[in-house]
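Chemist: Got a structure here, written out as structure tokens. Questions coming.
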Amino acid sequence: MIRLDDLRARRREHALQRGINPRDVDLLLADLVGKSVAYIYAHGEILVDPAALDALLARRIAGEPLQYIRGKTEFYTREFLVDNRVLIPRPETEILVEAVIERAPAGGHVIDIGTGSGCIAISIECERPDLHVVSVDRSVEALAVAMKNRERLQSNVALAASDLFGSVSGTFDLIVSNPPYVPLAEYRELAVEVRIHEPRMALTPGPSGTEIIERLLDEAHARLAPHGRVIVEVGYGQDETIRSIATDKRYDVEEFLPDLAGIPRVVVLSAHAEQR
Ligand SMILES: C[S@@+](CC[C@H](N)C(=O)[O-])C[C@H]1O[C@@H](n2cnc3c(N)ncnc32)[C@H](O)[C@@H]1O
């Protein structure tokens, strides 16, 4: 056993030399001690076992994402369990959650297509308990993670295994999704950390990157309640392509919502009036 402040200083230096953010060391230490990072800063005198930290740090240096090593991440102020069965929730997806919370009519019906960890659906339902939220994923492995998150966060979201709308009935005021949207060629160029560790089905739908969005828009016409909307996250630089696909498929583009870098990230669509 060695003093925490000694171990922390040495392993932070080691991490930095290998291109790893030294803060990862603090977070892993906090998890091992079962306390907050603030506690780690304030209690350098406690004794810890270096072997446990070194095992976790070796995985990080080998390229495993910190969130999978810790088994959790934060999204929209809540802690979600994550592992390699689900995409790690990204901060820009919080824009989608915000857009839904602001636009959902009181007591409305919402479906989240491709729920992964459940981060979108559960966040929406926790913030707006008046809503009836259904979430689906084609991956039963992902649904197992979403179920655990639903339980831990005491959410009432309904979860189902489904290829898009295939196994669900009814119509919805809001159809929301962060679908896989990375074109196959770009997927092959992604950082190893993403490509090797995160599920391929969560990232790329095929060569164009718009395959799932196109199918979703085709099927959504029959699933939208009158005056309903489709709210979808889109990839970097995909806004013009999505605008033209949506127009071809008889949707009005109400707006694109930008992320913090000003990049159009979320599109809000409504069906053409004659479709309603
Ligand atoms: C980009 S991830 C989003 C996960 C989560 N909603 C989030 O924002 O972190 C896309 C999800 O869609 C699921 N998916 C892919 N194709 C699908 C399909 N045809 N029907 C339903 N879900 C699908 C994947 O398994 C994956 O969980």
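To be explicit about the labels: the chains of the structure tokens are called A, B, and onward in the order shown, and within each one the residues are counted from 1, while ligands get numbers from 1 in the order they are shown.
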Which residues come within 12 Å of Leu153 of chain A, counting only C-alpha atoms, excluding same-chain residues fewer than 3 positions away, as an mmCIF file with N, CA and C atoms, in the first residue's frame?
Modeler:
data_model
loop_
_atom_site.group_PDB
_atom_site.id
_atom_site.type_symbol
_atom_site.label_atom_id
_atom_site.label_comp_id
_atom_site.auth_asym_id
_atom_site.auth_seq_id
_atom_site.Cartn_x
_atom_site.Cartn_y
_atom_site.Cartn_z
ATOM 1 N N THR A 77 -27.221 15.421 -16.489
ATOM 2 C CA THR A 77 -27.102 15.497 -15.006
ATOM 3 C C THR A 77 -27.278 14.161 -14.275
ATOM 4 N N ARG A 78 -27.519 13.079 -15.018
ATOM 5 C CA ARG A 78 -27.714 11.790 -14.327
ATOM 6 C C ARG A 78 -26.598 10.820 -14.710
ATOM 7 N N GLU A 79 -26.414 9.827 -13.823
ATOM 8 C CA GLU A 79 -25.384 8.820 -14.090
ATOM 9 C C GLU A 79 -26.031 7.623 -14.804
ATOM 10 N N PHE A 80 -25.460 7.260 -15.959
ATOM 11 C CA PHE A 80 -25.944 6.100 -16.721
ATOM 12 C C PHE A 80 -24.872 5.024 -16.744
ATOM 13 N N LEU A 81 -25.307 3.770 -16.551
ATOM 14 C CA LEU A 81 -24.368 2.655 -16.698
ATOM 15 C C LEU A 81 -24.105 2.448 -18.185
ATOM 16 N N GLY A 118 -30.396 4.012 -23.184
ATOM 17 C CA GLY A 118 -31.662 4.579 -22.697
ATOM 18 C C GLY A 118 -31.528 6.042 -22.308
ATOM 19 N N CYS A 119 -30.357 6.637 -22.587
ATOM 20 C CA CYS A 119 -30.075 7.978 -22.052
ATOM 21 C C CYS A 119 -31.081 9.033 -22.513
ATOM 22 N N ALA A 121 -34.359 8.567 -23.783
ATOM 23 C CA ALA A 121 -35.724 8.287 -23.324
ATOM 24 C C ALA A 121 -35.851 8.492 -21.814
ATOM 25 N N ILE A 122 -34.897 7.970 -21.058
ATOM 26 C CA ILE A 122 -34.985 8.047 -19.589
ATOM 27 C C ILE A 122 -34.835 9.500 -19.129
ATOM 28 N N SER A 123 -33.926 10.251 -19.752
ATOM 29 C CA SER A 123 -33.767 11.670 -19.370
ATOM 30 C C SER A 123 -35.064 12.433 -19.625
ATOM 31 N N ILE A 124 -35.671 12.180 -20.791
ATOM 32 C CA ILE A 124 -36.921 12.887 -21.132
ATOM 33 C C ILE A 124 -37.996 12.547 -20.102
ATOM 34 N N GLU A 125 -38.102 11.265 -19.797
ATOM 35 C CA GLU A 125 -39.177 10.825 -18.899
ATOM 36 C C GLU A 125 -38.950 11.308 -17.471
ATOM 37 N N CYS A 126 -37.682 11.354 -17.043
ATOM 38 C CA CYS A 126 -37.398 11.861 -15.689
ATOM 39 C C CYS A 126 -37.719 13.357 -15.590
ATOM 40 N N GLU A 127 -37.424 14.094 -16.675
ATOM 41 C CA GLU A 127 -37.680 15.543 -16.647
ATOM 42 C C GLU A 127 -39.164 15.862 -16.848
ATOM 43 N N ALA A 146 -30.145 -0.674 -21.069
ATOM 44 C CA ALA A 146 -31.206 0.332 -20.871
ATOM 45 C C ALA A 146 -32.117 -0.080 -19.720
ATOM 46 N N MET A 147 -32.394 -1.390 -19.605
ATOM 47 C CA MET A 147 -33.261 -1.863 -18.514
ATOM 48 C C MET A 147 -32.642 -1.574 -17.154
ATOM 49 N N LYS A 148 -31.323 -1.787 -17.054
ATOM 50 C CA LYS A 148 -30.647 -1.511 -15.772
ATOM 51 C C LYS A 148 -30.733 -0.020 -15.450
ATOM 52 N N ASN A 149 -30.531 0.817 -16.465
ATOM 53 C CA ASN A 149 -30.599 2.267 -16.226
ATOM 54 C C ASN A 149 -32.012 2.695 -15.845
ATOM 55 N N ARG A 150 -33.001 2.092 -16.499
ATOM 56 C CA ARG A 150 -34.398 2.416 -16.161
ATOM 57 C C ARG A 150 -34.665 2.117 -14.690
ATOM 58 N N ASN A 156 -40.179 5.115 -15.854
ATOM 59 C CA ASN A 156 -41.291 4.274 -16.321
ATOM 60 C C ASN A 156 -41.270 4.087 -17.830
ATOM 61 N N VAL A 157 -40.156 4.369 -18.467
ATOM 62 C CA VAL A 157 -40.053 4.207 -19.924
ATOM 63 C C VAL A 157 -40.372 2.755 -20.307
#
Chemist: Using only C-alpha atoms and all ligand atoms, find each residue with an atom at most 7 Å away from ligand 1 and format the answer as a ChimeraX atom specification.
Modeler: /A:86-90,93,113-120,136-139,142,162-164,177-180,201-203,205,212
Chemist: Contacts of segment 95-100 of chain A at 12 Å or less, counting only C-alpha atoms, minus same-chain residues fewer than 3 places along, as an MDAnalysis selection string?
Modeler: chainID A and resid 75:77 89:92 103:106 108:112 118:128 131 133 173:179 228:234 255:260 262:269
Chemist: For Tyr68 of chain A, which of A:Val48, A:Arg85, A:Ala261, A:Leu16 is the closest residue, counting only C-alpha atoms?
Modeler: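 Using only C-alpha atoms, Tyr68 of chain A sits closest to A:Arg85.
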Chemist: As a PyMOL selection string, please: all residues of segment 77-210 of chain A that backbone DSSP puts in strand (DSSP E).
Modeler: chain A and resi 78-81+109-113+132-137+158-161+172-177
Chemist: Go ahead and save the picked residues with N, CA and C atoms, as an mmCIF file, in the first residue's frame.
Modeler:
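File produced: selection37.cif:
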data_model
loop_
_atom_site.group_PDB
_atom_site.id
_atom_site.type_symbol
_atom_site.label_atom_id
_atom_site.label_comp_id
_atom_site.auth_asym_id
_atom_site.auth_seq_id
_atom_site.Cartn_x
_atom_site.Cartn_y
_atom_site.Cartn_z
ATOM 1 N N ARG A 78 -27.519 13.079 -15.018
ATOM 2 C CA ARG A 78 -27.714 11.790 -14.327
ATOM 3 C C ARG A 78 -26.598 10.820 -14.710
ATOM 4 N N GLU A 79 -26.414 9.827 -13.823
ATOM 5 C CA GLU A 79 -25.384 8.820 -14.090
ATOM 6 C C GLU A 79 -26.031 7.623 -14.804
ATOM 7 N N PHE A 80 -25.460 7.260 -15.959
ATOM 8 C CA PHE A 80 -25.944 6.100 -16.721
ATOM 9 C C PHE A 80 -24.872 5.024 -16.744
ATOM 10 N N LEU A 81 -25.307 3.770 -16.551
ATOM 11 C CA LEU A 81 -24.368 2.655 -16.698
ATOM 12 C C LEU A 81 -24.105 2.448 -18.185
ATOM 13 N N HIS A 109 -47.318 11.456 -26.246
ATOM 14 C CA HIS A 109 -46.693 10.145 -26.480
ATOM 15 C C HIS A 109 -45.420 10.348 -27.302
ATOM 16 N N VAL A 110 -44.329 9.778 -26.787
ATOM 17 C CA VAL A 110 -43.011 9.975 -27.401
ATOM 18 C C VAL A 110 -42.383 8.611 -27.636
ATOM 19 N N ILE A 111 -41.720 8.438 -28.777
ATOM 20 C CA ILE A 111 -40.936 7.207 -28.997
ATOM 21 C C ILE A 111 -39.499 7.585 -29.324
ATOM 22 N N ASP A 112 -38.566 6.865 -28.680
ATOM 23 C CA ASP A 112 -37.124 7.043 -28.945
ATOM 24 C C ASP A 112 -36.658 5.810 -29.713
ATOM 25 N N ILE A 113 -36.209 6.028 -30.940
ATOM 26 C CA ILE A 113 -35.793 4.913 -31.801
ATOM 27 C C ILE A 113 -34.275 4.743 -31.705
ATOM 28 N N HIS A 132 -45.706 9.855 -21.952
ATOM 29 C CA HIS A 132 -45.663 8.395 -22.098
ATOM 30 C C HIS A 132 -44.530 8.112 -23.076
ATOM 31 N N VAL A 133 -43.458 7.530 -22.570
ATOM 32 C CA VAL A 133 -42.268 7.360 -23.412
ATOM 33 C C VAL A 133 -42.010 5.876 -23.684
ATOM 34 N N VAL A 134 -41.893 5.570 -24.974
ATOM 35 C CA VAL A 134 -41.547 4.215 -25.409
ATOM 36 C C VAL A 134 -40.167 4.311 -26.031
ATOM 37 N N SER A 135 -39.320 3.302 -25.784
ATOM 38 C CA SER A 135 -38.026 3.338 -26.471
ATOM 39 C C SER A 135 -37.690 1.955 -27.006
ATOM 40 N N VAL A 136 -37.110 1.939 -28.188
ATOM 41 C CA VAL A 136 -36.832 0.657 -28.846
ATOM 42 C C VAL A 136 -35.385 0.606 -29.318
ATOM 43 N N ASP A 137 -34.892 -0.614 -29.466
ATOM 44 C CA ASP A 137 -33.587 -0.824 -30.071
ATOM 45 C C ASP A 137 -33.610 -2.187 -30.750
ATOM 46 N N ALA A 158 -41.144 2.577 -21.374
ATOM 47 C CA ALA A 158 -41.409 1.216 -21.880
ATOM 48 C C ALA A 158 -40.317 0.857 -22.881
ATOM 49 N N LEU A 159 -39.704 -0.306 -22.725
ATOM 50 C CA LEU A 159 -38.591 -0.713 -23.596
ATOM 51 C C LEU A 159 -39.008 -1.906 -24.447
ATOM 52 N N ALA A 160 -38.610 -1.913 -25.715
ATOM 53 C CA ALA A 160 -38.961 -3.051 -26.570
ATOM 54 C C ALA A 160 -37.878 -3.290 -27.604
ATOM 55 N N ALA A 161 -37.682 -4.581 -27.949
ATOM 56 C CA ALA A 161 -36.777 -4.923 -29.047
ATOM 57 C C ALA A 161 -37.554 -4.717 -30.339
ATOM 58 N N PHE A 172 -47.541 8.717 -32.333
ATOM 59 C CA PHE A 172 -46.721 9.473 -31.372
ATOM 60 C C PHE A 172 -46.726 10.966 -31.705
ATOM 61 N N ASP A 173 -46.718 11.765 -30.647
ATOM 62 C CA ASP A 173 -46.626 13.220 -30.847
ATOM 63 C C ASP A 173 -45.217 13.612 -31.242
ATOM 64 N N LEU A 174 -44.236 12.887 -30.680
ATOM 65 C CA LEU A 174 -42.843 13.144 -31.045
ATOM 66 C C LEU A 174 -42.138 11.814 -31.307
ATOM 67 N N ILE A 175 -41.495 11.749 -32.462
ATOM 68 C CA ILE A 175 -40.659 10.597 -32.790
ATOM 69 C C ILE A 175 -39.231 11.105 -32.738
ATOM 70 N N VAL A 176 -38.422 10.557 -31.835
ATOM 71 C CA VAL A 176 -37.069 11.096 -31.653
ATOM 72 C C VAL A 176 -36.035 9.996 -31.853
ATOM 73 N N SER A 177 -34.881 10.392 -32.327
ATOM 74 C CA SER A 177 -33.834 9.392 -32.543
ATOM 75 C C SER A 177 -32.462 10.033 -32.673
#
Chemist: Can you work out the spacing between atom CA of Val145 of chain A and atom CA of Ala185 of chain A in Å, to one decimal?
Modeler: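 Separating atom CA of Val145 of chain A from atom CA of Ala185 of chain A is a distance of 28.6 Å.
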Chemist: From the list A:Asp31, A:Asp24, A:Asp54, A:Glu198, which residue is nearest Asp83 of chain A when using only C-alpha atoms?
Modeler: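 For Asp83 of chain A, the nearest of the candidates is A:Glu198.
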